[in-house]
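The structure appears below as structure tokens.
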Amino acid sequence: MTIATLHENGEIAAMPENPFAPRAGLMVWMGEEIVPVEQATISVFDHALLYGDGVFEGIRIYRGKIFKEEEHIQRVFESARAIRLELPMSPERLSRAMYETMRANDVTGDGYIRLVVTRGVGALGISIRRTANPTVIIIVDKISLYPLEVYERGLHCIVSSFARNHPNALNPRIKSLNYLNNVLAKAEAHAAGADEAIMLGLDGHVCECTGDNIFIVRRGELLTPGTWEGILEGVTRGVVMELAAKRGIPVRETSLVRHDLLVAEEAFATGTAAEIVPITEISKIPIGDGKPGPITRQLMEDFVAYRNAV
């Protein structure tokens with residue numbers, strides 16, 4: 001199959017099919033039913049499309065079980081509340097819907113859930129008073145942000161020129177569909193030949209990567225930006241802090257600046273999709289000896305053991 005496009009001279013030319021299109025046979029939860037991916041569509045008048053008005057969650061599935069389900073459901077409800085969006089189902093119904101979508105896709109092992117709640121169809125204009133019927137979308141599929149070699153060599157990062165959204169503008173603790181800030185920073189990293197971008201706040205303090213939280217190791221202590229810096233309260237971030245404490249590794253939320261990144265002994269990013277991935281280069285400067293450090297490697301092993309045991 002090809003996609004036809006109209007040239008300026010009126011001739012029709014053939015274009016290759018989108019290589020990034022969803023896999024055939026995928027079943028998606030839309031509103032109150034599960035439909036084939038080809039039928040999983042929203043209105044062009046949905047304010048999620050028009051204004052990025054909605055919230056989402058990325059959730060892992062391990063061995064057929066939703067990882068940290070309660071925490072993710074709580075966070076999506078908190079994000080929705082923060083933008084005055086009322087979810088059209090209870091937490092219990094949402095849980096059942098996710099498992100129903102997993103069964104519809106025969107997912108009994110590992111996988112990934114993208115949970116989206118749109119504002120709903122409305123009139124043109126940004127007023128939420130002119131919208132109705134928020135839509136819950138549940139996608140169950142696979143995800144792989146980085147190839148295996150990146151986990152072995154570590155991420156090469158830049159410090160982005162795009163500042164992280166100020167909490168008083170659009171609080172990053174809200175996992176909203178308005179992700180352009182992150183998208184632009186990620187594109188900047190790729191244009192520079194890097195894997196990822198680290199974002200600073202308007203005050204120059206370290207916030208997080210474009211889709212993950214960040215940790216550094218300094219003098220044997222694990223440091224990470226506090227929630228007051230304008231970061232997402234990552235679920236994986238919380239697990240890593242617990243695992244470090246069990247290892248007797250001191251963990252502290254604090255304010256960090258660019259200098260702290262560059263003189264760190266180790267650094268790594270954490271997130272639902274990425275899990276724990278080392279950072280070995282920032283702005284062309286090696287972190288430590290330029291290889292994943294011992295504390296990072298230990299926590300990577302501990303995380304795998306933890307998520308396989310729950």
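If you're wondering about the labels, chains in the structure tokens are A, B, ... by order shown, residues count from 1 in each chain, ligands from 1 in order shown.
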Find the nearest atom pair between each residue of stretch 230-291 of chain A and stretch 62-70 of chain A for residues within 10 Å, count only C-alpha atoms, give distances in Å to one decimal, sort rows by chain and ascending number, and present the table as a Markdown table.
```
| residue | atom | partner | partner_atom | distance |
| --- | --- | --- | --- | --- |
| A:Val235 | CA | A:Lys68 | CA | 7.6 |
| A:Thr236 | CA | A:Lys68 | CA | 9.0 |
| A:Val239 | CA | A:Lys68 | CA | 9.6 |
| A:Thr272 | CA | A:Phe67 | CA | 9.3 |
```
Strand (DSSP E) positions in stretch 71-283 of chain A, given as an MDAnalysis selection string: chainID A and resid 111:118 121:122 131:132 136:141 155:159 196:200 206:209 213:218 221:225 251:254 266:271 275:282
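The coordinates place atom CA of A:Thr118 at 13.0 Å from atom CA of A:Arg81.
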Test item, helix (DSSP H, G or I) assignment across stretch 116-253 of chain A, answer as a PyMOL selection string: chain A and resi 128-130+148-153+167-170+180-191+227-229+235-246
Take the residues from that selection and write them out as a tab-separated table (two decimals), in the first residue's frame, keeping N, CA and C atoms.
```tsv
chain	number	residue	atom	x	y	z
A	128	ILE	N	-12.67	25.72	28.74
A	128	ILE	CA	-13.06	24.35	29.08
A	128	ILE	C	-14.56	24.24	29.32
A	129	ARG	N	-15.24	25.37	29.46
A	129	ARG	CA	-16.69	25.35	29.64
A	129	ARG	C	-17.42	24.96	28.36
A	130	ARG	N	-16.70	24.98	27.24
A	130	ARG	CA	-17.32	24.69	25.95
A	130	ARG	C	-16.85	23.33	25.42
A	148	LEU	N	20.25	-1.58	23.43
A	148	LEU	CA	21.04	-2.16	24.52
A	148	LEU	C	22.41	-1.50	24.64
A	149	GLU	N	23.01	-1.14	23.52
A	149	GLU	CA	24.35	-0.56	23.58
A	149	GLU	C	24.39	0.77	24.33
A	150	VAL	N	23.26	1.49	24.34
A	150	VAL	CA	23.23	2.75	25.08
A	150	VAL	C	23.31	2.49	26.58
A	151	TYR	N	22.67	1.42	27.04
A	151	TYR	CA	22.75	1.07	28.46
A	151	TYR	C	24.17	0.64	28.84
A	152	GLU	N	24.91	0.13	27.87
A	152	GLU	CA	26.28	-0.31	28.13
A	152	GLU	C	27.27	0.84	28.07
A	153	ARG	N	27.09	1.76	27.14
A	153	ARG	CA	28.03	2.90	27.01
A	153	ARG	C	27.56	4.13	27.76
A	167	PRO	N	7.16	26.24	37.08
A	167	PRO	CA	5.98	25.65	37.72
A	167	PRO	C	4.77	26.57	37.75
A	168	ASN	N	4.99	27.89	37.74
A	168	ASN	CA	3.86	28.81	37.74
A	168	ASN	C	3.30	29.06	36.35
A	169	ALA	N	3.97	28.51	35.33
A	169	ALA	CA	3.45	28.59	33.96
A	169	ALA	C	2.70	27.31	33.63
A	170	LEU	N	3.43	26.21	33.53
A	170	LEU	CA	2.82	24.90	33.37
A	170	LEU	C	3.64	23.93	34.20
A	180	LEU	N	5.43	20.17	24.22
A	180	LEU	CA	6.28	20.79	23.21
A	180	LEU	C	7.61	21.24	23.79
A	181	ASN	N	7.61	21.70	25.04
A	181	ASN	CA	8.85	22.08	25.71
A	181	ASN	C	9.87	20.95	25.67
A	182	ASN	N	9.42	19.75	25.98
A	182	ASN	CA	10.29	18.57	25.97
A	182	ASN	C	10.68	18.16	24.56
A	183	VAL	N	9.69	18.23	23.65
A	183	VAL	CA	9.93	17.84	22.26
A	183	VAL	C	11.04	18.67	21.64
A	184	LEU	N	11.01	19.98	21.86
A	184	LEU	CA	12.01	20.86	21.27
A	184	LEU	C	13.39	20.60	21.84
A	185	ALA	N	13.47	20.33	23.14
A	185	ALA	CA	14.76	20.03	23.75
A	185	ALA	C	15.32	18.71	23.23
A	186	LYS	N	14.46	17.72	23.05
A	186	LYS	CA	14.90	16.43	22.50
A	186	LYS	C	15.39	16.60	21.06
A	187	ALA	N	14.66	17.39	20.28
A	187	ALA	CA	15.08	17.63	18.89
A	187	ALA	C	16.42	18.35	18.85
A	188	GLU	N	16.64	19.26	19.79
A	188	GLU	CA	17.92	19.97	19.89
A	188	GLU	C	19.05	18.98	20.17
A	189	ALA	N	18.79	18.02	21.06
A	189	ALA	CA	19.81	17.01	21.37
A	189	ALA	C	20.16	16.19	20.14
A	190	HIS	N	19.15	15.74	19.42
A	190	HIS	CA	19.40	14.94	18.23
A	190	HIS	C	20.15	15.73	17.16
A	191	ALA	N	19.80	17.01	17.02
A	191	ALA	CA	20.49	17.85	16.04
A	191	ALA	C	21.97	18.02	16.39
A	227	THR	N	11.44	18.30	44.12
A	227	THR	CA	10.20	18.58	43.38
A	227	THR	C	9.96	20.08	43.24
A	228	TRP	N	10.52	20.88	44.14
A	228	TRP	CA	10.34	22.33	44.06
A	228	TRP	C	11.03	22.94	42.82
A	229	GLU	N	11.90	22.16	42.17
A	229	GLU	CA	12.61	22.68	41.00
A	229	GLU	C	11.76	22.63	39.73
A	235	VAL	N	7.70	7.90	39.11
A	235	VAL	CA	7.47	6.67	39.86
A	235	VAL	C	8.76	5.87	39.97
A	236	THR	N	9.48	5.75	38.86
A	236	THR	CA	10.76	5.03	38.89
A	236	THR	C	11.76	5.78	39.77
A	237	ARG	N	11.74	7.08	39.73
A	237	ARG	CA	12.59	7.90	40.61
A	237	ARG	C	12.38	7.50	42.06
A	238	GLY	N	11.12	7.35	42.47
A	238	GLY	CA	10.83	6.96	43.84
A	238	GLY	C	11.36	5.58	44.19
A	239	VAL	N	11.22	4.65	43.24
A	239	VAL	CA	11.73	3.30	43.47
A	239	VAL	C	13.25	3.31	43.64
A	240	VAL	N	13.93	4.08	42.80
A	240	VAL	CA	15.39	4.15	42.87
A	240	VAL	C	15.84	4.73	44.20
A	241	MET	N	15.15	5.72	44.70
A	241	MET	CA	15.51	6.29	46.00
A	241	MET	C	15.33	5.26	47.12
A	242	GLU	N	14.29	4.43	47.01
A	242	GLU	CA	14.09	3.37	48.00
A	242	GLU	C	15.20	2.32	47.91
A	243	LEU	N	15.55	1.93	46.69
A	243	LEU	CA	16.58	0.92	46.50
A	243	LEU	C	17.94	1.41	47.01
A	244	ALA	N	18.23	2.68	46.76
A	244	ALA	CA	19.49	3.24	47.23
A	244	ALA	C	19.55	3.23	48.75
A	245	ALA	N	18.44	3.61	49.38
A	245	ALA	CA	18.40	3.63	50.84
A	245	ALA	C	18.63	2.23	51.42
A	246	LYS	N	18.07	1.21	50.76
A	246	LYS	CA	18.26	-0.17	51.21
A	246	LYS	C	19.72	-0.59	51.09
```
Of the residues A:Ser95, A:Ser43, A:Asn165, A:Asn171, which is the one nearest to A:Ile138, using only C-alpha atoms?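 Looking only at the distances to A:Ile138, the closest residue turns out to be A:Ser95.
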Could you list, as a VMD selection string, every residue within 10 Å of A:Leu261, counting only C-alpha atoms and ignoring same-chain residues fewer than 2 positions away? chain A and resid 159 198 206 214 to 218 256 to 259 263 to 267 281 to 283 285 287
Near-A:Arg173 list (7 Å; only C-alpha atoms; drop same-chain fewer than 5 positions) as a ChimeraX atom specification: /A:230-233
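For the choices A:Thr41, A:Ile174, A:Asp212, A:Leu145, the atom-to-atom distance to A:Phe77 is smallest for A:Ile174 when using only C-alpha atoms.
Atom CA of A:Ala273 sits 14.6 Å away from atom CA of A:Leu155.
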Could you jot down the atom CA of A:Ala163 to atom CA of A:Val55 separation for me, Å, one decimal place? 21.3 Å
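Excluding A:Pro22 itself and same-chain residues fewer than 6 positions from it, the residues having an atom within 12 Å of it are Val28, Pro36, Val37, Glu38, Ala40, Ile139, Val140, Asp141, Lys142 and Ile143 of chain A, counting only C-alpha atoms.
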Might you pull out every residue within 8 Å of A:Asp53, with only C-alpha atoms counted and same-chain residues fewer than 4 positions away left off, and present them as a list of chain:residue names? A:His47, A:Ala48, A:Leu49, A:Thr118, A:Arg119, A:Ser176, A:Leu177, A:Asn178
Dump N, CA and C atoms for the selected residues as a PDB file, in the first residue's frame?
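What follows is the written file part_9.pdb:
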```
ATOM      1  N   HIS A  47     -10.269  18.981  22.224  1.00  0.00           N
ATOM      2  CA  HIS A  47      -9.324  19.993  22.675  1.00  0.00           C
ATOM      3  C   HIS A  47      -7.941  19.423  22.981  1.00  0.00           C
ATOM      4  N   ALA A  48      -7.830  18.106  23.078  1.00  0.00           N
ATOM      5  CA  ALA A  48      -6.506  17.495  23.188  1.00  0.00           C
ATOM      6  C   ALA A  48      -5.701  17.749  21.920  1.00  0.00           C
ATOM      7  N   LEU A  49      -6.350  17.644  20.776  1.00  0.00           N
ATOM      8  CA  LEU A  49      -5.697  17.903  19.493  1.00  0.00           C
ATOM      9  C   LEU A  49      -5.528  19.404  19.254  1.00  0.00           C
ATOM     10  N   THR A 118      -8.310  12.787  27.155  1.00  0.00           N
ATOM     11  CA  THR A 118      -8.463  14.046  26.442  1.00  0.00           C
ATOM     12  C   THR A 118      -9.518  14.920  27.111  1.00  0.00           C
ATOM     13  N   ARG A 119      -9.454  16.216  26.837  1.00  0.00           N
ATOM     14  CA  ARG A 119     -10.474  17.115  27.378  1.00  0.00           C
ATOM     15  C   ARG A 119     -11.841  16.810  26.789  1.00  0.00           C
ATOM     16  N   SER A 176       0.906  16.485  31.436  1.00  0.00           N
ATOM     17  CA  SER A 176      -0.088  16.933  30.471  1.00  0.00           C
ATOM     18  C   SER A 176       0.307  16.553  29.052  1.00  0.00           C
ATOM     19  N   LEU A 177      -0.651  16.682  28.141  1.00  0.00           N
ATOM     20  CA  LEU A 177      -0.386  16.411  26.727  1.00  0.00           C
ATOM     21  C   LEU A 177       0.388  17.542  26.067  1.00  0.00           C
ATOM     22  N   ASN A 178       0.594  18.629  26.787  1.00  0.00           N
ATOM     23  CA  ASN A 178       1.326  19.762  26.245  1.00  0.00           C
ATOM     24  C   ASN A 178       2.814  19.546  26.500  1.00  0.00           C
TER      25      ASN A 178
END
```
Within 8 Å of A:Lys284, counting only C-alpha atoms, which residues qualify if same-chain residues fewer than 3 places away don't, as a count of residues only? 4
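Proximity of A:Val76, A:Cys207, A:Val116, A:Ile61 to A:Tyr99, computed with only C-alpha atoms, is greatest for A:Ile61.
Minimum distance to A:Val121 across A:Thr108, A:Thr135, A:Thr254, A:Ser79 (counting only C-alpha atoms) occurs at A:Thr135.
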